[in-house]
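As stored in my_file_1.json (JSON, C-alpha atoms and all ligand atoms):
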```json
[["chain", "number", "residue", "atom", "x", "y", "z"],
["A", 1, "MET", "CA", 76.91, 89.76, 85.50],
["A", 2, "ASN", "CA", 73.35, 90.65, 86.40],
["A", 3, "ARG", "CA", 73.07, 88.86, 89.72],
["A", 4, "LEU", "CA", 70.97, 91.65, 91.27],
["A", 5, "GLU", "CA", 68.47, 92.08, 88.45],
["A", 6, "GLY", "CA", 65.06, 92.89, 89.92],
["A", 7, "LYS", "CA", 66.42, 93.70, 93.36],
["A", 8, "VAL", "CA", 66.24, 97.05, 95.15],
["A", 9, "ALA", "CA", 68.91, 98.09, 97.66],
["A", 10, "LEU", "CA", 69.36, 100.93, 100.11],
["A", 11, "VAL", "CA", 72.99, 101.80, 100.86],
["A", 12, "THR", "CA", 74.13, 104.16, 103.64],
["A", 13, "GLY", "CA", 77.27, 106.28, 103.63],
["A", 14, "ALA", "CA", 77.11, 106.06, 99.85],
["A", 15, "SER", "CA", 78.54, 109.41, 98.73],
["A", 16, "ARG", "CA", 82.13, 108.23, 98.73],
["A", 17, "GLY", "CA", 84.51, 105.39, 99.57],
["A", 18, "ILE", "CA", 83.20, 101.87, 100.03],
["A", 19, "GLY", "CA", 79.53, 102.97, 99.94],
["A", 20, "ALA", "CA", 79.95, 104.66, 96.56],
["A", 21, "ALA", "CA", 81.68, 101.55, 95.21],
["A", 22, "ILE", "CA", 78.82, 99.36, 96.47],
["A", 23, "VAL", "CA", 76.28, 101.55, 94.68],
["A", 24, "ALA", "CA", 78.30, 101.36, 91.45],
["A", 25, "ARG", "CA", 78.68, 97.57, 91.68],
["A", 26, "PHE", "CA", 75.02, 97.00, 92.54],
["A", 27, "LEU", "CA", 73.96, 99.12, 89.55],
["A", 28, "ALA", "CA", 76.37, 97.17, 87.34],
["A", 29, "GLU", "CA", 74.77, 93.95, 88.60],
["A", 30, "GLY", "CA", 71.33, 95.18, 87.54],
["A", 31, "ALA", "CA", 69.94, 96.41, 90.88],
["A", 32, "ARG", "CA", 68.01, 99.58, 91.51],
["A", 33, "VAL", "CA", 69.60, 101.55, 94.33],
["A", 34, "MET", "CA", 68.66, 104.23, 96.84],
["A", 35, "ALA", "CA", 72.01, 105.78, 97.78],
["A", 36, "THR", "CA", 71.97, 107.70, 101.06],
["A", 37, "ASP", "CA", 74.41, 109.80, 103.04],
["A", 38, "VAL", "CA", 74.75, 112.81, 105.30],
["A", 39, "LEU", "CA", 76.95, 114.22, 102.55],
["A", 40, "PRO", "CA", 75.37, 115.44, 99.28],
["A", 41, "ALA", "CA", 75.09, 112.95, 96.41],
["A", 42, "PRO", "CA", 78.08, 112.72, 94.06],
["A", 43, "PRO", "CA", 77.20, 114.63, 90.88],
["A", 44, "ASP", "CA", 77.64, 111.75, 88.46],
["A", 45, "ARG", "CA", 75.09, 109.39, 90.00],
["A", 46, "ASP", "CA", 71.61, 109.45, 88.53],
["A", 47, "GLY", "CA", 69.66, 107.57, 85.89],
["A", 48, "ASP", "CA", 66.42, 105.71, 86.27],
["A", 49, "ARG", "CA", 67.84, 102.89, 88.37],
["A", 50, "ALA", "CA", 69.41, 105.11, 91.07],
["A", 51, "ASP", "CA", 68.16, 107.77, 93.41],
["A", 52, "PHE", "CA", 69.52, 109.62, 96.42],
["A", 53, "ALA", "CA", 68.08, 110.43, 99.86],
["A", 54, "THR", "CA", 69.69, 112.36, 102.68],
["A", 55, "LEU", "CA", 70.03, 110.05, 105.67],
["A", 56, "ASP", "CA", 71.83, 110.48, 108.97],
["A", 57, "VAL", "CA", 71.84, 106.91, 110.26],
["A", 58, "THR", "CA", 71.53, 108.06, 113.88],
["A", 59, "ASP", "CA", 68.08, 109.54, 113.21],
["A", 60, "ALA", "CA", 65.14, 107.10, 113.34],
["A", 61, "ALA", "CA", 62.77, 109.53, 111.62],
["A", 62, "GLN", "CA", 65.16, 109.95, 108.69],
["A", 63, "TRP", "CA", 65.43, 106.15, 108.45],
["A", 64, "ALA", "CA", 61.65, 105.81, 108.20],
["A", 65, "ALA", "CA", 61.55, 108.48, 105.50],
["A", 66, "ALA", "CA", 64.40, 106.89, 103.51],
["A", 67, "VAL", "CA", 62.82, 103.43, 103.53],
["A", 68, "ALA", "CA", 59.43, 104.92, 102.56],
["A", 69, "ALA", "CA", 61.09, 106.90, 99.76],
["A", 70, "THR", "CA", 62.77, 103.72, 98.48],
["A", 71, "GLU", "CA", 59.50, 101.78, 98.36],
["A", 72, "GLN", "CA", 57.73, 104.74, 96.76],
["A", 73, "ARG", "CA", 60.44, 105.19, 94.12],
["A", 74, "PHE", "CA", 61.22, 101.54, 93.32],
["A", 75, "GLY", "CA", 58.22, 99.63, 94.71],
["A", 76, "ARG", "CA", 60.12, 97.35, 97.10],
["A", 77, "LEU", "CA", 63.23, 96.84, 99.23],
["A", 78, "ASP", "CA", 65.28, 93.64, 98.99],
["A", 79, "CYS", "CA", 68.62, 94.63, 100.48],
["A", 80, "LEU", "CA", 69.87, 96.99, 103.18],
["A", 81, "VAL", "CA", 73.58, 97.80, 103.34],
["A", 82, "ASN", "CA", 74.48, 99.41, 106.66],
["A", 83, "ASN", "CA", 77.77, 100.85, 105.44],
["A", 84, "ALA", "CA", 77.99, 104.32, 107.05],
["A", 85, "GLY", "CA", 80.62, 104.57, 109.74],
["A", 86, "ILE", "CA", 83.09, 106.85, 111.44],
["A", 87, "ILE", "CA", 86.52, 106.35, 112.94],
["A", 88, "ARG", "CA", 88.47, 108.41, 115.48],
["A", 89, "PHE", "CA", 92.06, 107.57, 116.39],
["A", 90, "SER", "CA", 92.90, 108.27, 120.01],
["A", 91, "ARG", "CA", 94.90, 106.73, 122.83],
["A", 92, "PHE", "CA", 92.50, 105.33, 125.41],
["A", 93, "ASP", "CA", 93.74, 107.94, 127.93],
["A", 94, "ASP", "CA", 92.46, 110.65, 125.59],
["A", 95, "LEU", "CA", 89.16, 108.93, 124.72],
["A", 96, "ASP", "CA", 86.32, 110.86, 126.35],
["A", 97, "GLU", "CA", 82.73, 109.81, 126.87],
["A", 98, "ALA", "CA", 81.40, 112.04, 124.09],
["A", 99, "MET", "CA", 83.71, 110.49, 121.48],
["A", 100, "MET", "CA", 82.88, 106.97, 122.64],
["A", 101, "ARG", "CA", 79.14, 107.70, 122.46],
["A", 102, "GLN", "CA", 79.45, 109.29, 119.02],
["A", 103, "ILE", "CA", 81.23, 106.28, 117.55],
["A", 104, "ILE", "CA", 78.81, 103.79, 119.10],
["A", 105, "ASP", "CA", 75.90, 105.99, 117.99],
["A", 106, "VAL", "CA", 76.85, 106.03, 114.30],
["A", 107, "ASN", "CA", 78.44, 102.60, 113.87],
["A", 108, "LEU", "CA", 76.26, 100.44, 116.13],
["A", 109, "ILE", "CA", 73.02, 102.28, 116.95],
["A", 110, "GLY", "CA", 72.85, 103.47, 113.33],
["A", 111, "THR", "CA", 73.01, 99.84, 112.19],
["A", 112, "MET", "CA", 70.30, 98.83, 114.66],
["A", 113, "LEU", "CA", 68.03, 101.71, 113.58],
["A", 114, "GLY", "CA", 68.51, 100.75, 109.94],
["A", 115, "CYS", "CA", 67.48, 97.17, 110.61],
["A", 116, "HIS", "CA", 64.40, 98.29, 112.53],
["A", 117, "ALA", "CA", 63.34, 100.58, 109.71],
["A", 118, "ALA", "CA", 64.04, 98.14, 106.88],
["A", 119, "ILE", "CA", 62.76, 94.80, 108.22],
["A", 120, "PRO", "CA", 59.03, 95.46, 107.56],
["A", 121, "ALA", "CA", 59.86, 96.54, 104.00],
["A", 122, "LEU", "CA", 62.08, 93.49, 103.46],
["A", 123, "GLU", "CA", 59.25, 91.26, 104.70],
["A", 124, "ARG", "CA", 56.81, 93.00, 102.35],
["A", 125, "ALA", "CA", 59.20, 92.04, 99.53],
["A", 126, "GLY", "CA", 59.09, 88.39, 100.65],
["A", 127, "GLY", "CA", 62.47, 88.41, 102.39],
["A", 128, "GLY", "CA", 65.88, 89.83, 101.64],
["A", 129, "SER", "CA", 69.41, 90.54, 102.73],
["A", 130, "ILE", "CA", 70.92, 92.82, 105.36],
["A", 131, "ILE", "CA", 74.64, 93.50, 105.06],
["A", 132, "ASN", "CA", 76.34, 95.15, 108.04],
["A", 133, "MET", "CA", 79.75, 96.75, 107.56],
["A", 134, "SER", "CA", 81.93, 95.71, 110.45],
["A", 135, "SER", "CA", 85.72, 95.75, 110.10],
["A", 136, "ALA", "CA", 88.91, 93.76, 110.50],
["A", 137, "ASP", "CA", 88.87, 95.74, 113.76],
["A", 138, "GLY", "CA", 85.64, 93.92, 114.61],
["A", 139, "ILE", "CA", 87.58, 90.64, 114.68],
["A", 140, "SER", "CA", 90.82, 91.63, 116.41],
["A", 141, "GLY", "CA", 91.85, 94.67, 118.43],
["A", 142, "ALA", "CA", 93.89, 97.66, 117.25],
["A", 143, "ASN", "CA", 95.73, 100.38, 119.13],
["A", 144, "SER", "CA", 94.16, 103.88, 119.14],
["A", 145, "LEU", "CA", 90.82, 102.30, 118.30],
["A", 146, "THR", "CA", 89.20, 101.12, 121.55],
["A", 147, "ALA", "CA", 85.92, 102.86, 120.74],
["A", 148, "TYR", "CA", 85.92, 101.88, 117.05],
["A", 149, "CYS", "CA", 86.80, 98.26, 117.87],
["A", 150, "ALA", "CA", 84.01, 98.14, 120.45],
["A", 151, "SER", "CA", 81.54, 99.43, 117.87],
["A", 152, "LYS", "CA", 82.66, 97.02, 115.15],
["A", 153, "PHE", "CA", 82.82, 93.99, 117.49],
["A", 154, "GLY", "CA", 79.31, 95.10, 118.42],
["A", 155, "VAL", "CA", 78.17, 95.11, 114.80],
["A", 156, "ARG", "CA", 79.59, 91.60, 114.39],
["A", 157, "GLY", "CA", 77.75, 90.21, 117.41],
["A", 158, "PHE", "CA", 74.59, 92.12, 116.59],
["A", 159, "THR", "CA", 74.67, 90.62, 113.10],
["A", 160, "LYS", "CA", 74.90, 87.05, 114.33],
["A", 161, "ALA", "CA", 72.12, 87.42, 116.90],
["A", 162, "LEU", "CA", 69.84, 89.15, 114.39],
["A", 163, "ALA", "CA", 70.66, 86.51, 111.77],
["A", 164, "LEU", "CA", 69.24, 83.86, 114.10],
["A", 165, "GLU", "CA", 66.02, 85.80, 114.59],
["A", 166, "LEU", "CA", 65.50, 86.80, 110.96],
["A", 167, "GLY", "CA", 66.57, 83.58, 109.21],
["A", 168, "PRO", "CA", 63.16, 81.96, 109.71],
["A", 169, "ARG", "CA", 61.60, 85.19, 108.36],
["A", 170, "ARG", "CA", 63.58, 84.78, 105.09],
["A", 171, "ILE", "CA", 65.92, 87.69, 105.79],
["A", 172, "ARG", "CA", 69.63, 86.84, 105.69],
["A", 173, "VAL", "CA", 71.89, 88.99, 107.88],
["A", 174, "ASN", "CA", 75.66, 88.94, 107.32],
["A", 175, "SER", "CA", 78.66, 91.12, 108.08],
["A", 176, "ILE", "CA", 81.64, 92.23, 106.01],
["A", 177, "HIS", "CA", 85.01, 92.85, 107.65],
["A", 178, "PRO", "CA", 87.18, 95.10, 105.49],
["A", 179, "GLY", "CA", 90.74, 95.97, 106.42],
["A", 180, "GLY", "CA", 93.06, 98.54, 104.91],
["A", 181, "ILE", "CA", 90.79, 99.79, 102.13],
["A", 182, "LEU", "CA", 92.09, 102.92, 100.43],
["A", 183, "THR", "CA", 89.40, 105.53, 101.14],
["A", 184, "GLU", "CA", 89.29, 108.96, 102.77],
["A", 185, "MET", "CA", 88.64, 107.25, 106.09],
["A", 186, "ALA", "CA", 91.81, 105.16, 105.90],
["A", 187, "ASN", "CA", 93.92, 107.77, 104.12],
["A", 188, "PRO", "CA", 92.61, 111.20, 105.16],
["A", 189, "THR", "CA", 95.73, 113.05, 104.00],
["A", 190, "ASN", "CA", 95.51, 111.42, 100.55],
["A", 191, "ILE", "CA", 98.99, 109.90, 100.51],
["A", 192, "PRO", "CA", 99.72, 108.54, 96.99],
["A", 193, "ARG", "CA", 99.05, 104.85, 96.73],
["A", 194, "HIS", "CA", 102.60, 103.75, 95.99],
["A", 195, "LEU", "CA", 103.75, 105.43, 99.22],
["A", 196, "TYR", "CA", 100.67, 104.46, 101.22],
["A", 197, "ASP", "CA", 101.09, 100.80, 100.31],
["A", 198, "ARG", "CA", 104.57, 100.68, 101.81],
["A", 199, "GLY", "CA", 102.89, 100.29, 105.18],
["A", 200, "TYR", "CA", 101.11, 97.18, 103.92],
["A", 201, "TRP", "CA", 104.16, 94.93, 103.65],
["A", 202, "ILE", "CA", 102.83, 93.28, 106.81],
["A", 203, "TYR", "CA", 99.62, 92.23, 105.00],
["A", 204, "PRO", "CA", 99.75, 88.91, 103.11],
["A", 205, "ALA", "CA", 98.30, 90.82, 100.12],
["A", 206, "GLN", "CA", 101.28, 93.24, 100.28],
["A", 207, "ARG", "CA", 98.99, 96.15, 99.34],
["A", 208, "SER", "CA", 95.97, 98.12, 100.50],
["A", 209, "GLY", "CA", 92.53, 97.14, 99.24],
["A", 210, "ASP", "CA", 90.18, 98.93, 96.85],
["A", 211, "PRO", "CA", 86.60, 99.93, 97.68],
["A", 212, "ALA", "CA", 85.66, 97.71, 94.73],
["A", 213, "ASP", "CA", 87.05, 94.67, 96.61],
["A", 214, "VAL", "CA", 84.47, 95.26, 99.35],
["A", 215, "ALA", "CA", 81.73, 96.06, 96.85],
["A", 216, "ALA", "CA", 82.26, 92.65, 95.23],
["A", 217, "ALA", "CA", 81.72, 90.97, 98.60],
["A", 218, "ALA", "CA", 78.57, 93.02, 99.19],
["A", 219, "ALA", "CA", 77.21, 92.10, 95.75],
["A", 220, "TYR", "CA", 77.74, 88.44, 96.57],
["A", 221, "LEU", "CA", 75.96, 88.67, 99.93],
["A", 222, "ALA", "CA", 73.09, 90.62, 98.35],
["A", 223, "SER", "CA", 72.66, 88.04, 95.59],
["A", 224, "ASP", "CA", 70.90, 84.69, 95.57],
["A", 225, "ASP", "CA", 74.36, 83.09, 95.25],
["A", 226, "ALA", "CA", 74.60, 83.70, 99.00],
["A", 227, "ALA", "CA", 71.19, 82.13, 99.72],
["A", 228, "TYR", "CA", 72.70, 79.81, 102.35],
["A", 229, "CYS", "CA", 74.92, 82.45, 104.03],
["A", 230, "ILE", "CA", 73.32, 83.51, 107.30],
["A", 231, "GLY", "CA", 75.31, 85.15, 110.10],
["A", 232, "THR", "CA", 78.47, 84.85, 107.99],
["A", 233, "GLU", "CA", 81.42, 87.16, 108.62],
["A", 234, "LEU", "CA", 83.21, 87.81, 105.34],
["A", 235, "SER", "CA", 86.73, 89.20, 105.66],
["A", 236, "VAL", "CA", 88.00, 91.46, 102.87],
["A", 237, "ASP", "CA", 91.28, 92.42, 104.48],
["A", 238, "GLY", "CA", 94.17, 91.19, 102.34],
["A", 239, "GLY", "CA", 94.76, 88.43, 104.86],
["A", 240, "LEU", "CA", 95.31, 90.75, 107.84],
["A", 241, "ASN", "CA", 93.25, 88.61, 110.18],
["A", 242, "ALA", "CA", 94.42, 85.28, 108.80],
["A", 243, "GLY", "CA", 97.04, 85.16, 111.56],
["A", 244, "HIS", "CA", 100.37, 86.67, 112.39],
["A", 245, "TYR", "CA", 103.90, 86.25, 111.08],
["A", 246, "TYR", "CA", 106.86, 84.96, 113.10],
["A", 247, "MET", "CA", 109.26, 87.47, 111.60],
["A", 248, "THR", "CA", 112.45, 85.49, 112.16],
["A", 249, "MET", "CA", 111.02, 82.29, 110.65],
["A", 250, "PRO", "CA", 110.82, 81.30, 106.99],
["A", 251, "GLY", "CA", 107.74, 82.48, 105.10],
["A", 252, "ALA", "CA", 107.49, 85.94, 106.67],
["A", 253, "PRO", "CA", 107.48, 88.97, 104.35],
["A", 254, "ARG", "CA", 110.44, 91.32, 104.30],
["A", 255, "ASN", "CA", 110.15, 94.93, 105.50],
["A", 256, "PRO", "CA", 111.12, 96.86, 102.35],
["A", 257, "THR", "CA", 112.28, 99.87, 104.38],
["A", 258, "ALA", "CA", 114.47, 97.90, 106.83],
["A", 301, "LIG", "P1", 84.41, 107.04, 104.35],
["A", 301, "LIG", "O1", 84.63, 107.92, 105.51],
["A", 301, "LIG", "O2", 85.23, 107.25, 103.13],
["A", 301, "LIG", "O3", 82.87, 107.06, 103.92],
["A", 301, "LIG", "C1", 81.87, 106.91, 104.90],
["A", 301, "LIG", "C2", 80.67, 107.71, 104.50],
["A", 301, "LIG", "O4", 79.69, 107.58, 105.56],
["A", 301, "LIG", "C3", 80.99, 109.20, 104.36],
["A", 301, "LIG", "O5", 80.33, 109.75, 103.25],
["A", 301, "LIG", "C4", 80.45, 109.74, 105.66],
["A", 301, "LIG", "O6", 80.10, 111.12, 105.65],
["A", 301, "LIG", "C5", 79.22, 108.88, 105.87],
["A", 301, "LIG", "N1", 78.69, 109.01, 107.23],
["A", 301, "LIG", "C6", 79.35, 109.30, 108.36],
["A", 301, "LIG", "N2", 78.50, 109.43, 109.38],
["A", 301, "LIG", "C7", 77.26, 109.20, 108.88],
["A", 301, "LIG", "C8", 75.97, 109.19, 109.43],
["A", 301, "LIG", "N3", 75.74, 109.48, 110.73],
["A", 301, "LIG", "N4", 74.91, 108.91, 108.63],
["A", 301, "LIG", "C9", 75.11, 108.65, 107.32],
["A", 301, "LIG", "N5", 76.31, 108.66, 106.72],
["A", 301, "LIG", "C10", 77.38, 108.94, 107.50],
["A", 301, "LIG", "O7", 84.60, 105.55, 104.91],
["A", 301, "LIG", "P2", 84.86, 104.16, 104.16],
["A", 301, "LIG", "O8", 84.21, 104.15, 102.84],
["A", 301, "LIG", "O9", 86.29, 103.84, 104.27],
["A", 301, "LIG", "O10", 84.11, 103.18, 105.17],
["A", 301, "LIG", "C11", 82.80, 102.68, 104.95],
["A", 301, "LIG", "C12", 82.51, 101.66, 106.03],
["A", 301, "LIG", "O11", 83.50, 100.63, 106.00],
["A", 301, "LIG", "C13", 82.53, 102.22, 107.45],
["A", 301, "LIG", "O12", 81.54, 101.59, 108.23],
["A", 301, "LIG", "C14", 83.91, 101.84, 107.95],
["A", 301, "LIG", "O13", 83.96, 101.74, 109.36],
["A", 301, "LIG", "C15", 84.09, 100.49, 107.28],
["A", 301, "LIG", "N6", 85.47, 100.08, 107.17],
["A", 301, "LIG", "C16", 86.37, 100.77, 106.38],
["A", 301, "LIG", "C17", 87.68, 100.35, 106.29],
["A", 301, "LIG", "C18", 88.71, 101.03, 105.45],
["A", 301, "LIG", "O14", 89.86, 100.58, 105.47],
["A", 301, "LIG", "N7", 88.38, 102.09, 104.72],
["A", 301, "LIG", "C19", 88.15, 99.16, 107.04],
["A", 301, "LIG", "C20", 87.14, 98.55, 107.83],
["A", 301, "LIG", "C21", 85.85, 98.99, 107.88],
["A", 301, "LIG", "P3", 81.04, 112.19, 106.47],
["A", 301, "LIG", "O15", 82.25, 112.38, 105.66],
["A", 301, "LIG", "O16", 80.20, 113.40, 106.58],
["A", 301, "LIG", "O17", 81.37, 111.60, 107.80]]
```

Could the structure of this file be written out as structure tokens, please?
Ligand code: NDP
Amino acid sequence: MNRLEGKVALVTGASRGIGAAIVARFLAEGARVMATDVLPAPPDRDGDRADFATLDVTDAAQWAAAVAATEQRFGRLDCLVNNAGIIRFSRFDDLDEAMMRQIIDVNLIGTMLGCHAAIPALERAGGGSIINMSSADGISGANSLTAYCASKFGVRGFTKALALELGPRRIRVNSIHPGGILTEMANPTNIPRHLYDRGYWIYPAQRSGDPADVAAAAAYLASDDAAYCIGTELSVDGGLNAGHYYMTMPGAPRNPTA
């Protein structure tokens, strides 16, 4: 499909994982894309519809430069995907102020800075779409993740409030809530999928998700198919946040290792 033909997107955290999958899907849908990251660009991404800019999302000056580079290269900006994020697992007793600030800085302040930088360009294009990457952990809590949950709940609330302000200015703001997507973030020791997925028996989907699953949701929200989606939170989590199982009652999955 070519649902993004004519559109220009800027994607953060795009050198790997979900961000890289979003870039690939947007290109496949006909968009032109400015991929950005603190990491170098992956070697196989070029061509006349894609470019790369270094962007640390915590740096307002780098944001201004990346948006300017996008408009210079492609003439417009229609979609911002605030995808970059970090996670740190730690018991609350071991969570120090510096770690808390770092996580809020990248995940929440980075999203805010991106919106500030992109909104004038989106308005120059006649409107557009902002997609903020929250998390399943932005909908319900998780152990070892007090700081991360706070940041992702923050992204979710920020998205809704901004959606109200920007709707009348023809900019749609929505959030995606992935859960259990097989990337370096979720699987830093690179456990093989068939072993990794054993832990997912508790998910209705009975497996981990692919970055492409999230990219499909982002492509939808970026497209005109989502013209009436404003302040929407779109879960891509294999059913994790659909509810919880009563394990002793019919309909619950079986623990394969029990
Ligand atoms: P990855 O860690 O695989 O990729 C994230 C990318 O963002 C990396 O290239 C990373 O670089 C980059 N990044 C980190 N800090 C910054 C920064 N300050 N400025 C710009 N780029 C930065 O993560 P995922 O692809 O798994 O996650 C993408 C998003 O999806 C994140 O917001 C994450 O919180 C969210 N998410 C992921 C889930 C999952 O299961 N994977 C579930 C729920 C949400 P570096 O390696 O240098 O840090």

Discussion item. What does the structure give for the distance between atom CA of Asn255 of chain A and atom CA of Gly199 of chain A, in Å to one decimal?
Written reply: 9.0 Å

Worksheet entry | Counting only C-alpha atoms, the residue of A:Leu55, A:Leu166, A:Ala252, A:Ser90 that sits nearest Cys115 of chain A |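 Ranking A:Leu55, A:Leu166, A:Ala252, A:Ser90 by distance to Cys115 of chain A, first place goes to A:Leu166.
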
Worksheet item: Which residue out of A:Ala84, A:Cys79, A:Leu27, A:Ala186 has the minimum interatomic distance to Ser223 of chain A when all atoms listed in the file are used?
Response: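 Closest candidate: A:Cys79.
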
Could you make a table, as JSON lines, of the residues of chain A that have an atom within 7 Å of an atom of ligand LIG 301 (chain A), each with its nearest atom pair and distance in Å to one decimal, counting all atoms listed in the file, in chain and number order?
```
{"residue": "A:Thr12", "atom": "CA", "partner": "A:LIG301", "partner_atom": "N5", "distance": 5.9}
{"residue": "A:Gly13", "atom": "CA", "partner": "A:LIG301", "partner_atom": "O4", "distance": 3.4}
{"residue": "A:Ala14", "atom": "CA", "partner": "A:LIG301", "partner_atom": "O5", "distance": 6.0}
{"residue": "A:Ser15", "atom": "CA", "partner": "A:LIG301", "partner_atom": "O5", "distance": 4.9}
{"residue": "A:Arg16", "atom": "CA", "partner": "A:LIG301", "partner_atom": "O5", "distance": 5.1}
{"residue": "A:Gly17", "atom": "CA", "partner": "A:LIG301", "partner_atom": "O8", "distance": 3.5}
{"residue": "A:Ile18", "atom": "CA", "partner": "A:LIG301", "partner_atom": "O8", "distance": 3.8}
{"residue": "A:Gly19", "atom": "CA", "partner": "A:LIG301", "partner_atom": "O8", "distance": 5.6}
{"residue": "A:Asp37", "atom": "CA", "partner": "A:LIG301", "partner_atom": "N5", "distance": 4.3}
{"residue": "A:Val38", "atom": "CA", "partner": "A:LIG301", "partner_atom": "C9", "distance": 4.6}
{"residue": "A:Leu39", "atom": "CA", "partner": "A:LIG301", "partner_atom": "O16", "distance": 5.2}
{"residue": "A:Leu55", "atom": "CA", "partner": "A:LIG301", "partner_atom": "C9", "distance": 5.5}
{"residue": "A:Asp56", "atom": "CA", "partner": "A:LIG301", "partner_atom": "N4", "distance": 3.5}
{"residue": "A:Val57", "atom": "CA", "partner": "A:LIG301", "partner_atom": "N4", "distance": 4.0}
{"residue": "A:Thr58", "atom": "CA", "partner": "A:LIG301", "partner_atom": "N3", "distance": 5.4}
{"residue": "A:Asn83", "atom": "CA", "partner": "A:LIG301", "partner_atom": "O12", "distance": 4.7}
{"residue": "A:Ala84", "atom": "CA", "partner": "A:LIG301", "partner_atom": "O4", "distance": 4.0}
{"residue": "A:Gly85", "atom": "CA", "partner": "A:LIG301", "partner_atom": "O12", "distance": 3.5}
{"residue": "A:Ile86", "atom": "CA", "partner": "A:LIG301", "partner_atom": "C6", "distance": 5.4}
{"residue": "A:Ile87", "atom": "CA", "partner": "A:LIG301", "partner_atom": "O13", "distance": 6.4}
{"residue": "A:Val106", "atom": "CA", "partner": "A:LIG301", "partner_atom": "N3", "distance": 5.1}
{"residue": "A:Asn107", "atom": "CA", "partner": "A:LIG301", "partner_atom": "O12", "distance": 6.5}
{"residue": "A:Met133", "atom": "CA", "partner": "A:LIG301", "partner_atom": "O12", "distance": 5.2}
{"residue": "A:Ser134", "atom": "CA", "partner": "A:LIG301", "partner_atom": "C21", "distance": 5.7}
{"residue": "A:Ser135", "atom": "CA", "partner": "A:LIG301", "partner_atom": "C20", "distance": 3.9}
{"residue": "A:Ala136", "atom": "CA", "partner": "A:LIG301", "partner_atom": "C20", "distance": 5.8}
{"residue": "A:Asp137", "atom": "CA", "partner": "A:LIG301", "partner_atom": "C20", "distance": 6.8}
{"residue": "A:His177", "atom": "CA", "partner": "A:LIG301", "partner_atom": "C20", "distance": 6.1}
{"residue": "A:Pro178", "atom": "CA", "partner": "A:LIG301", "partner_atom": "C20", "distance": 4.2}
{"residue": "A:Gly179", "atom": "CA", "partner": "A:LIG301", "partner_atom": "C19", "distance": 4.2}
{"residue": "A:Gly180", "atom": "CA", "partner": "A:LIG301", "partner_atom": "O14", "distance": 3.8}
{"residue": "A:Ile181", "atom": "CA", "partner": "A:LIG301", "partner_atom": "O14", "distance": 3.6}
{"residue": "A:Leu182", "atom": "CA", "partner": "A:LIG301", "partner_atom": "N7", "distance": 5.7}
{"residue": "A:Thr183", "atom": "CA", "partner": "A:LIG301", "partner_atom": "O9", "distance": 4.7}
{"residue": "A:Glu184", "atom": "CA", "partner": "A:LIG301", "partner_atom": "O2", "distance": 4.4}
{"residue": "A:Met185", "atom": "CA", "partner": "A:LIG301", "partner_atom": "O1", "distance": 4.1}
{"residue": "A:Ala186", "atom": "CA", "partner": "A:LIG301", "partner_atom": "N7", "distance": 4.8}
```

Worksheet item: Using only C-alpha atoms, which of A:Asp59, A:Glu29, A:Asp197, A:Glu71 sits nearest Ala218 of chain A?
Response: A:Glu29
